[in-house]
Each structure stands twice: as structure tokens, then as C-alpha cells.
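Here is the structure we will look at, set down as C-alpha cells.
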Amino acid sequence: MAGPGGRGQLMPPPEEELATKVLQIQSKRFYLDVKQNRRGRFIKVAEVGPAGRKSRLLLAMSTALELRDHLTSFSEIYASLGPPNPDNLPEDGKLKSEVMIKENRRYYLDLKENSRGRFLRISQTIARGGPRSQVAVPAQGMIEFRDALTDLLEEFGTEDDMSYGRFKGELPEARHMRIENKNFYFDIGQNSRGIYMRISEVKSNFRTAITIPEKSWGRFRDIFSEYVEKLKELSDKPAEEGK
DNA sequence: CCGGCCA
């Protein structure tokens with residue numbers, strides 16, 4: 001019920017709104033809001049359809065940056081596509097797909113085509129089988145959408161948010177590990193001080209994380225191996241008095 | 001002038 005970070009409703013988290021951009025793309029309106037709460041800055045994307053139907057999506061700034069970069073390659077692919085041809089569509093209608101993984105959230109980007117035309121579906125899942133929020137951007141509007149994100153990121157992205165670019169695509173992918181009832185997430189990131197690994201431990205409504213600079217990974221590894229050896233010695237040794 | 005969706 002309570003999502004990660006939900007700590008009861010005594011004190012609703014103060015949420016500050018920093019900026020809003022409104023895009024009109026064909027019959028739809030998109031609101032891009034930069035907001036900020038205790039957990040940091042994020043962009044809320046809200047889609048309002050012609051009948052007032054709404055759907056929304058939350059993006060951490062670093063995810064927004066990644067999405068911005070994907071939008072560039074999605075629009076290149078879109079531009080290179082010939083006229084719609086129902087005969088040679090893939091089964092699922094997907095012309096190109098990407099997945100972005102951000103801690104316990106997955107974002108699926110799919111350039112799709114149906115009888116109405118082409119569109120980019122951006123959908124977000126929290127845990128497996130969990131709620132799914134999504135927006136569908138008409139393919140014609142991807143560039144406009146990307147430019148709006150770029151503006152917001154340039155103005156409101158912190159140095160850490162924006163520094164991801166240099167190594168993008170070269171840094172190892174995030175990993176996830178489930179051990180008993182704990183989830184561990186490993187994310188490699190980069191900021192002005194260098195590369196780091198963030199290890200998050202996530203339980204139902206609790207999370208903690210540490211950030212380990214890349215320079216020290218070797219020492220961490222040495223300490224781990226040392227402990228692994230020590231424990232092995234202990235368990236190899238027949239039971240007797242300690243020390 | 002919409003309208004897209006269960007990994």
C-alpha cells in the first residue's frame with residue numbers, strides 16, 4: 001500500500017514546484033513540471049487528452065536526462081522510417097524499444113504504430129505487476145518534447161544530474177539482486193568527482209543506500225575477500241575453543 | 001479529429 005518513502009500522513013512532504021512547460025501536440029496537451037521534495041528534484045509529465053483524460057509519469061532528473069537522449073535516437077529512427085506499412089509491422093507493433101532502469105523503477109520506451117499513426121509510449125512500472133503509468137507522445141511531437149526536457153534540464157538539472165552524459169552508454173548497466181526478502185540495486189553513476197557505485201537496499205517501505213567512489217572499489221574488494229577467506233578458515237576448522 | 005496500453 002504505502003510506496004517506498006511513504007511514512008504516514010502526519011506530515012505530507014512539502015513539494016515545491018519550480019517550473020512548468022506546456023506543450024500542445026496534436027490533440028494532446030503535455031505538462032512538464034519540475035518539482036522538488038525531500039527526495040530531490042524530478043519532472044512530472046502529465047498528459048491531458050482531448051476528453052480531459054489524464055495520465056502521468058514521474059522522472060528523476062537523471063532519468064529525464066536519459067530519456068532526453070533516447071528521444072534523440074527515437075526521432076532519428078522515426079525520421080528514417082518510410083510511410084506506414086501495415087504489412088511489415090512487427091507482431092507487437094513495436095518499431096524500436098528501450099528500457100531505462102532506475103533503482104526499482106523500469107521505464108519502457110516503445111516507438112509504436114497503429115491505425116492512428118506512430119507514437120512513443122513511455123511507461124513506468126514500480127515493482128513487477130505493480131501499477132503502471134504511462135504517456136503516449138505522438139511521434140511528430142518527440143522533438144518538441146525532447147527540446148522542452150532539454151530546457152528544463154539545463155535550467156534545473158544539478159551538476160550531478162547533468163554529468164552523466166560523458167560516459168553514457170559506456171558505464172556498466174545497473175544490476176539488481178534479490179536475497180531472501182531484500183532487494184539490492186547497484187547503480188553506476190558519475191558526477192563531478194568521478195564514477196561511483198550506489199548500492200541501495202530496498203525493503204517493502206524502507207530504503208537505504210551507500211555511495212562508493214570508484215577509486216576505492218579495489219579496497220572494498222580486498223576487504224570482502226579477506227572476510228570470505230576468514231570465514232572459510234573458520235568453517236574449515238573443526239569445532240574447538242576460539243581465538 | 002483523435003488515440004495508442006499488461007513486458
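If you're wondering about the labels, chains in the C-alpha cells are A, B, ... by order shown, residues count from 1 in each chain, ligands from 1 in order shown.
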
*Residues of chain B within 7 Å of chain A, only C-alpha atoms (C1' of nucleotides) counted, as a ChimeraX atom specification*: /B:2-4

Take the residues just selected and output them with C-alpha atoms (C1' of nucleotides) as a compact mmCIF listing (two decimals), in the first residue's frame.
```
# COMPACT_ATOMS: atom_id res chain seq x y z
C1' DC B 2 -8.44 11.70 -32.39
C1' DG B 3 -5.63 7.89 -30.00
C1' DG B 4 -2.33 4.43 -28.69
```

Give one line per residue of region 91-158 of chain A that approaches region 193-201 of chain A to at most 12 Å, naming the two atoms of the closest pair and their distance in Å to one decimal, counting only C-alpha atoms; sort by chain then ascending residue number and deliver it as a tab-separated table.
```
residue	atom	partner	partner_atom	distance
A:Lys102	CA	A:Ser200	CA	11.1
A:Glu103	CA	A:Ser200	CA	7.7
A:Asn104	CA	A:Ser200	CA	9.5
```

*Could you write out, as JSON, numbers by chain, all the residues of region 3-241 of chain A that DSSP marks as strand (DSSP E)?*
{"A": [16, 17, 18, 19, 20, 21, 22, 23, 24, 25, 28, 29, 30, 31, 32, 33, 34, 35, 36, 37, 40, 41, 42, 43, 44, 45, 46, 47, 48, 54, 55, 56, 57, 58, 59, 60, 94, 95, 96, 97, 98, 99, 100, 101, 102, 105, 106, 107, 108, 109, 110, 111, 112, 113, 114, 117, 118, 119, 120, 121, 122, 123, 124, 125, 132, 133, 134, 135, 136, 137, 138, 175, 176, 177, 178, 179, 182, 183, 184, 185, 186, 187, 188, 189, 190, 191, 194, 195, 196, 197, 198, 199, 200, 201, 202, 203, 206, 207, 208, 209, 210, 211, 212, 213]}

*Report the residues of region 68-229 of chain A whose backbone DSSP state falls under alpha helix (DSSP H), written as a PyMOL selection string.*
chain A and resi 68-80+142-156+159-162+217-229
